[in-house]
$ cat run.txt   # compact mmCIF, C-alpha atoms
# COMPACT_ATOMS: atom_id res chain seq x y z
CA MET A 165 56.66 119.12 124.50
CA LEU A 166 59.11 121.29 122.60
CA SER A 167 60.47 120.40 119.18
CA GLU A 168 63.87 119.64 120.79
CA GLU A 169 62.24 116.98 122.94
CA VAL A 170 60.49 115.47 119.93
CA ALA A 171 63.82 115.43 118.08
CA SER A 172 65.45 113.71 121.06
CA ALA A 173 62.74 111.06 121.17
CA LEU A 174 63.12 110.38 117.45
CA ARG A 175 66.93 110.24 117.70
CA THR A 176 66.60 107.60 120.41
CA ARG A 177 64.18 105.56 118.33
CA ILE A 178 66.48 105.73 115.30
CA MET A 179 69.72 104.97 117.14
CA SER A 180 68.14 102.12 119.12
CA GLY A 181 66.79 100.50 115.95
CA ASP A 182 63.14 101.12 116.76
CA LEU A 183 62.95 103.19 113.58
CA ARG A 184 65.06 101.49 110.92
CA PRO A 185 66.87 103.00 107.94
CA GLY A 186 64.36 103.59 105.16
CA ALA A 187 61.37 103.56 107.52
CA ARG A 188 58.77 106.21 106.79
CA ILE A 189 58.08 108.67 109.61
CA ARG A 190 54.43 109.73 109.66
CA LEU A 191 53.96 113.08 111.35
CA GLU A 192 50.48 112.27 112.61
CA GLU A 193 51.61 109.02 114.26
CA VAL A 194 54.58 110.68 115.96
CA ALA A 195 52.42 113.55 117.19
CA ALA A 196 49.77 111.17 118.57
CA GLY A 197 52.36 108.97 120.23
CA LEU A 198 54.02 111.89 122.00
CA GLY A 199 50.82 113.79 122.72
CA VAL A 200 51.82 116.90 120.78
CA SER A 201 50.60 118.82 117.76
CA ILE A 202 52.00 118.42 114.27
CA THR A 203 54.01 121.65 114.49
CA PRO A 204 56.79 120.54 116.90
CA VAL A 205 57.06 117.23 115.01
CA ARG A 206 57.56 119.07 111.73
CA GLU A 207 60.16 121.33 113.37
CA ALA A 208 61.93 118.32 114.90
CA LEU A 209 62.12 116.58 111.52
CA LEU A 210 63.67 119.69 109.99
CA THR A 211 66.31 119.57 112.73
CA LEU A 212 66.96 115.87 112.15
CA ARG A 213 67.17 116.43 108.40
CA GLY A 214 69.95 118.94 109.09
CA GLU A 215 71.73 116.24 111.12
CA ASP A 216 71.34 113.66 108.30
CA MET A 217 69.19 111.49 110.56
CA VAL A 218 66.23 111.66 108.16
CA VAL A 219 65.79 112.51 104.51
CA LEU A 220 62.82 113.97 102.67
CA GLU A 221 61.81 111.88 99.67
CA PRO A 222 59.36 112.97 96.95
CA ARG A 223 55.85 111.50 97.32
CA LYS A 224 56.96 109.61 100.41
CA GLY A 225 57.79 112.21 103.01
CA TYR A 226 60.38 111.82 105.75
CA VAL A 227 62.24 108.52 106.01
CA VAL A 228 65.08 107.41 108.27
CA ALA A 229 68.46 108.03 106.64
CA PRO A 230 70.95 105.20 106.03
CA LEU A 231 72.91 104.19 109.14
CA SER A 232 75.87 101.83 108.82
CA ARG A 233 78.00 100.01 111.37
CA GLN A 234 80.83 102.40 110.52
CA ASP A 235 78.55 105.35 111.24
CA ILE A 236 78.00 103.99 114.76
CA LEU A 237 81.73 103.45 115.29
CA ASP A 238 82.52 106.93 113.97
CA VAL A 239 80.04 108.64 116.29
CA PHE A 240 81.35 106.83 119.34
CA GLN A 241 84.98 107.37 118.36
CA LEU A 242 84.28 111.10 118.24
CA GLN A 243 82.58 110.93 121.64
CA GLY A 244 85.45 108.93 123.10
CA ASP A 245 88.13 111.26 121.73
CA ILE A 246 86.46 114.33 123.20
CA ALA A 247 85.56 112.69 126.51
CA GLY A 248 89.07 111.27 126.82
CA GLU A 249 90.62 114.71 126.39
CA LEU A 250 88.30 116.18 129.00
CA ALA A 251 89.16 113.38 131.44
CA ALA A 252 92.88 113.92 130.86
CA ARG A 253 92.46 117.60 131.73
CA VAL A 254 90.58 116.73 134.91
CA ALA A 255 93.30 114.29 135.99
CA VAL A 256 95.97 116.99 136.21
CA ALA A 257 93.79 119.57 137.96
CA ILE A 258 91.31 117.74 140.20
CA GLY A 259 91.28 118.52 143.92
CA GLU A 260 90.46 116.27 146.85
CA ALA A 261 86.98 117.73 147.30
CA GLN A 262 86.16 117.17 143.63
CA LEU A 263 87.48 113.62 143.75
CA ALA A 264 85.36 112.94 146.82
CA GLU A 265 82.32 114.31 144.96
CA LEU A 266 82.91 111.91 142.06
CA ARG A 267 83.40 108.96 144.41
CA VAL A 268 80.06 109.69 146.08
CA ALA A 269 78.37 109.99 142.68
CA HIS A 270 79.91 106.71 141.53
CA ALA A 271 78.87 104.89 144.71
CA LYS A 272 75.31 106.12 144.28
CA LEU A 273 75.32 104.97 140.65
CA ALA A 274 76.77 101.57 141.57
CA ARG A 275 73.87 101.00 144.01
CA ALA A 276 71.17 101.96 141.51
CA ARG A 277 68.95 99.17 140.24
CA ARG A 278 66.23 100.79 138.17
CA ALA A 279 67.26 101.44 134.56
CA ALA A 280 65.86 104.97 134.69
CA ASP A 281 67.95 105.72 137.79
CA VAL A 282 71.09 104.29 136.19
CA GLU A 283 70.53 106.44 133.10
CA THR A 284 70.08 109.61 135.16
CA LEU A 285 72.99 108.97 137.55
CA GLU A 286 75.36 108.02 134.73
CA TYR A 287 74.56 111.29 133.01
CA GLU A 288 75.15 113.22 136.23
CA PHE A 289 78.51 111.50 136.84
CA HIS A 290 79.82 112.42 133.40
CA ARG A 291 78.42 115.92 133.59
CA ALA A 292 80.35 116.42 136.84
CA VAL A 293 83.57 115.17 135.22
CA ASN A 294 83.11 117.44 132.22
CA ARG A 295 82.37 120.43 134.41
CA MET A 296 85.64 119.88 136.29
CA ALA A 297 87.59 120.10 133.01
CA HIS A 298 86.72 123.80 132.74
CA SER A 299 86.49 123.48 128.97
CA ARG A 300 83.14 124.92 128.01
CA LYS A 301 83.40 124.57 124.25
CA LEU A 302 84.83 121.07 124.28
CA SER A 303 82.15 120.00 126.76
CA TRP A 304 79.52 121.50 124.47
CA PHE A 305 80.83 119.48 121.53
CA LEU A 306 80.67 116.32 123.64
CA HIS A 307 77.13 117.12 124.73
CA THR A 308 76.17 117.56 121.08
CA ALA A 309 77.81 114.27 120.04
CA THR A 310 76.24 112.26 122.86
CA ARG A 311 72.74 113.21 121.72
CA TYR A 312 73.08 110.19 119.43
CA THR A 313 73.59 107.76 122.30
CA PRO A 314 70.41 105.72 123.02
CA ALA A 315 70.91 105.61 126.79
CA ARG A 316 68.01 103.25 127.39
CA VAL A 317 69.80 100.50 125.41
CA TYR A 318 72.64 100.59 127.95
CA SER A 319 70.92 101.29 131.26
CA ALA A 320 68.96 98.03 131.08
CA ASP A 321 72.01 95.92 130.05
CA PRO A 322 73.65 94.13 133.05
CA GLY A 323 76.87 93.61 131.05
CA TRP A 324 77.12 97.31 130.28
CA ARG A 325 76.49 98.14 133.92
CA ASP A 326 79.38 95.91 135.01
CA GLY A 327 81.68 97.50 132.43
CA MET A 328 80.53 100.97 133.42
CA ARG A 329 81.44 100.35 137.06
CA THR A 330 84.86 99.00 136.07
CA ASP A 331 85.56 101.97 133.80
CA HIS A 332 84.47 104.47 136.43
CA GLU A 333 86.67 102.84 139.06
CA ALA A 334 89.66 102.96 136.69
CA LEU A 335 88.87 106.60 135.96
CA LEU A 336 88.71 107.51 139.65
CA THR A 337 92.02 105.74 140.26
CA ALA A 338 93.60 107.70 137.41
CA PHE A 339 92.24 110.93 138.87
CA ALA A 340 93.64 110.06 142.30
CA ASP A 341 97.04 109.36 140.71
CA ALA A 342 96.91 112.49 138.53
CA ASP A 343 97.52 110.17 135.57
CA ALA A 344 96.20 111.92 132.47
CA GLY A 345 97.06 109.02 130.15
CA ALA A 346 95.22 106.46 132.25
CA ALA A 347 92.22 108.77 132.59
CA ARG A 348 92.07 109.21 128.82
CA THR A 349 92.33 105.45 128.27
CA ALA A 350 89.60 104.61 130.80
CA MET A 351 87.19 107.18 129.42
CA THR A 352 87.84 106.28 125.79
CA ARG A 353 87.31 102.58 126.57
CA HIS A 354 83.95 103.47 128.11
CA PHE A 355 82.78 104.83 124.77
CA THR A 356 84.41 102.10 122.69
CA ASP A 357 82.49 99.53 124.71
CA GLY A 358 79.32 101.51 124.07
CA ALA A 359 79.88 101.37 120.32
CA GLU A 360 80.46 97.62 120.34
CA ARG A 361 77.34 96.99 122.40
CA LEU A 362 75.16 99.18 120.20
CA VAL A 363 76.40 97.50 117.01
CA LYS A 364 75.68 94.11 118.58
CA HIS A 365 72.21 95.30 119.60
CA LEU A 366 71.40 96.56 116.11
CA ASP A 367 72.85 93.42 114.53
CA GLY A 368 70.53 91.41 116.74
CA LEU A 369 67.58 93.39 115.43
CA GLY A 370 68.71 92.66 111.88
CA ILE A 371 68.60 96.26 110.71
CA TRP A 372 71.44 95.61 108.28
CA ASP A 373 70.07 92.34 106.93
CA VAL A 374 69.60 92.41 103.18
$ encode --input "run.txt" --output "structure tokens"
Amino acid sequence: MLSEEVASALRTRIMSGDLRPGARIRLEEVAAGLGVSITPVREALLTLRGEDMVVLEPRKGYVVAPLSRQDILDVFQLQGDIAGELAARVAVAIGEAQLAELRVAHAKLARARRAADVETLEYEFHRAVNRMAHSRKLSWFLHTATRYTPARVYSADPGWRDGMRTDHEALLTAFADADAGAARTAMTRHFTDGAERLVKHLDGLGIWDV
């Protein structure tokens, strides 16, 4: 497992509340849990330190950095703003064949039952939308921002699944109507809902309890 994969696993644990702010991260435990050597774990923690996900404290080692409700909202607002712009660009340029491709992808996602399948198919749907925007740099920024989304929190949530289907249907309608404003709104709402659900999830875990 490469250091990037270790970093991804740790991001998910932090953003899902499995590793709470202030929690010590022991390199040996992470390495054993992921079945890797210490080296990629150390490299991953250096990456996460650069992202302000962890901090290095004297005599204590790496600990999870502070993470507030506003931090969550800020991350998802950024994601929503970028994704909304990409969707708006798709709306004014999409062709019939591309729209048909997205409808097939959405139908496949709507039929999925296993959380792992939902997670994979949701990613593929959005990747297809972003590809159609023909905006490489903006898509790259979105990909970077969405690294902080703990997909497993959503894929197993029936309420999120219902909202996801509704948002995707609104997005496809906007694409069919070449309505950039409606496409932006539908996509942004998708991320706003994600922020609210994650904050509720973390509140339920009590990570901000004094």
$ residues_near_point --input "run.txt" --point "(76.7, 100.5, 126.6)" --cutoff "12 Å" --atoms "all atoms listed in the file" --output "MDAnalysis selection string"
chainID A and resid 180 240 282:283 286 313:329 331 353:365
$ residues_around --input "run.txt" --residues "segment 243-245 of chain A" --least-positions-apart "5" --cutoff "12 Å" --atoms "all atoms listed in the file" --output "PDB file with C-alpha atoms, in the frame of the given file"
ATOM      1  CA  ILE A 236      78.000 103.990 114.760  1.00  0.00           C
ATOM      2  CA  LEU A 237      81.730 103.450 115.290  1.00  0.00           C
ATOM      3  CA  ASP A 238      82.520 106.930 113.970  1.00  0.00           C
ATOM      4  CA  LEU A 250      88.300 116.180 129.000  1.00  0.00           C
ATOM      5  CA  ALA A 251      89.160 113.380 131.440  1.00  0.00           C
ATOM      6  CA  ALA A 252      92.880 113.920 130.860  1.00  0.00           C
ATOM      7  CA  LEU A 302      84.830 121.070 124.280  1.00  0.00           C
ATOM      8  CA  SER A 303      82.150 120.000 126.760  1.00  0.00           C
ATOM      9  CA  TRP A 304      79.520 121.500 124.470  1.00  0.00           C
ATOM     10  CA  PHE A 305      80.830 119.480 121.530  1.00  0.00           C
ATOM     11  CA  LEU A 306      80.670 116.320 123.640  1.00  0.00           C
ATOM     12  CA  HIS A 307      77.130 117.120 124.730  1.00  0.00           C
ATOM     13  CA  THR A 308      76.170 117.560 121.080  1.00  0.00           C
ATOM     14  CA  ALA A 309      77.810 114.270 120.040  1.00  0.00           C
ATOM     15  CA  THR A 310      76.240 112.260 122.860  1.00  0.00           C
ATOM     16  CA  ARG A 311      72.740 113.210 121.720  1.00  0.00           C
ATOM     17  CA  TYR A 312      73.080 110.190 119.430  1.00  0.00           C
ATOM     18  CA  THR A 313      73.590 107.760 122.300  1.00  0.00           C
ATOM     19  CA  ALA A 347      92.220 108.770 132.590  1.00  0.00           C
ATOM     20  CA  ARG A 348      92.070 109.210 128.820  1.00  0.00           C
ATOM     21  CA  THR A 349      92.330 105.450 128.270  1.00  0.00           C
ATOM     22  CA  ALA A 350      89.600 104.610 130.800  1.00  0.00           C
ATOM     23  CA  MET A 351      87.190 107.180 129.420  1.00  0.00           C
ATOM     24  CA  THR A 352      87.840 106.280 125.790  1.00  0.00           C
ATOM     25  CA  ARG A 353      87.310 102.580 126.570  1.00  0.00           C
ATOM     26  CA  HIS A 354      83.950 103.470 128.110  1.00  0.00           C
ATOM     27  CA  PHE A 355      82.780 104.830 124.770  1.00  0.00           C
ATOM     28  CA  THR A 356      84.410 102.100 122.690  1.00  0.00           C
ATOM     29  CA  ASP A 357      82.490  99.530 124.710  1.00  0.00           C
ATOM     30  CA  GLY A 358      79.320 101.510 124.070  1.00  0.00           C
ATOM     31  CA  ALA A 359      79.880 101.370 120.320  1.00  0.00           C
TER      32      ALA A 359
END
$ atom_distance --input "run.txt" --atom1 "atom CA of Ile371 of chain A" --atom2 "atom CA of Val218 of chain A"
15.8 Å
$ closest_residue --input "run.txt" --among "A:Ile258, A:Leu285, A:Lys272, A:Thr337" --to "His298 of chain A" --atoms "all atoms listed in the file"
A:Ile258
$ atom_distance --input "run.txt" --atom1 "atom CA of Ala173 of chain A" --atom2 "atom CA of Val227 of chain A"
15.4 Å
$ decode --input "run.txt" --residues "segment 216-243 of chain A" --atoms "N, CA and C atoms" --output "compact mmCIF listing (two decimals), in the first residue's frame"
# COMPACT_ATOMS: atom_id res chain seq x y z
N ASP A 216 -2.79 20.14 7.31
CA ASP A 216 -3.33 20.55 8.61
C ASP A 216 -4.36 19.55 9.14
N MET A 217 -4.20 18.29 8.77
CA MET A 217 -5.06 17.24 9.30
C MET A 217 -4.49 16.67 10.60
N VAL A 218 -3.17 16.71 10.73
CA VAL A 218 -2.50 16.27 11.95
C VAL A 218 -1.44 17.30 12.31
N VAL A 219 -1.05 17.28 13.58
CA VAL A 219 0.03 18.15 14.04
C VAL A 219 1.04 17.29 14.80
N LEU A 220 2.27 17.73 14.79
CA LEU A 220 3.34 17.02 15.50
C LEU A 220 3.63 17.75 16.79
N GLU A 221 3.38 17.07 17.92
CA GLU A 221 3.57 17.69 19.23
C GLU A 221 4.79 17.09 19.92
N PRO A 222 5.57 17.93 20.60
CA PRO A 222 6.77 17.44 21.31
C PRO A 222 6.40 16.37 22.34
N ARG A 223 7.19 15.31 22.38
CA ARG A 223 7.05 14.21 23.35
C ARG A 223 5.73 13.45 23.23
N LYS A 224 4.96 13.76 22.20
CA LYS A 224 3.68 13.08 22.04
C LYS A 224 3.55 12.46 20.65
N GLY A 225 4.19 13.07 19.70
CA GLY A 225 4.10 12.56 18.34
C GLY A 225 2.96 13.20 17.57
N TYR A 226 2.45 12.47 16.58
CA TYR A 226 1.37 13.00 15.74
C TYR A 226 0.03 12.86 16.44
N VAL A 227 -0.74 13.95 16.40
CA VAL A 227 -2.11 13.93 16.93
C VAL A 227 -3.03 14.55 15.88
N VAL A 228 -4.30 14.21 15.94
CA VAL A 228 -5.28 14.76 15.01
C VAL A 228 -5.47 16.25 15.30
N ALA A 229 -5.43 17.05 14.26
CA ALA A 229 -5.58 18.50 14.40
C ALA A 229 -7.01 18.87 14.77
N PRO A 230 -7.22 20.06 15.34
CA PRO A 230 -8.58 20.51 15.64
C PRO A 230 -9.44 20.51 14.37
N LEU A 231 -10.72 20.18 14.54
CA LEU A 231 -11.67 20.15 13.43
C LEU A 231 -13.02 20.65 13.94
N SER A 232 -13.43 21.82 13.50
CA SER A 232 -14.66 22.43 13.99
C SER A 232 -15.82 22.19 13.03
N ARG A 233 -17.02 22.49 13.49
CA ARG A 233 -18.19 22.43 12.60
C ARG A 233 -18.00 23.35 11.41
N GLN A 234 -17.46 24.54 11.65
CA GLN A 234 -17.24 25.49 10.56
C GLN A 234 -16.24 24.95 9.55
N ASP A 235 -15.25 24.22 10.02
CA ASP A 235 -14.30 23.61 9.10
C ASP A 235 -15.02 22.68 8.13
N ILE A 236 -15.93 21.88 8.65
CA ILE A 236 -16.70 20.95 7.81
C ILE A 236 -17.51 21.74 6.79
N LEU A 237 -18.21 22.76 7.25
CA LEU A 237 -19.04 23.57 6.35
C LEU A 237 -18.18 24.26 5.28
N ASP A 238 -17.01 24.73 5.68
CA ASP A 238 -16.13 25.41 4.73
C ASP A 238 -15.65 24.45 3.63
N VAL A 239 -15.26 23.25 4.03
CA VAL A 239 -14.77 22.27 3.06
C VAL A 239 -15.87 21.93 2.05
N PHE A 240 -17.07 21.72 2.55
CA PHE A 240 -18.15 21.33 1.64
C PHE A 240 -18.66 22.51 0.82
N GLN A 241 -18.56 23.72 1.35
CA GLN A 241 -18.92 24.89 0.55
C GLN A 241 -17.97 25.01 -0.63
N LEU A 242 -16.69 24.80 -0.37
CA LEU A 242 -15.70 24.85 -1.45
C LEU A 242 -16.01 23.78 -2.50
N GLN A 243 -16.28 22.57 -2.05
CA GLN A 243 -16.63 21.49 -2.97
C GLN A 243 -17.86 21.85 -3.79
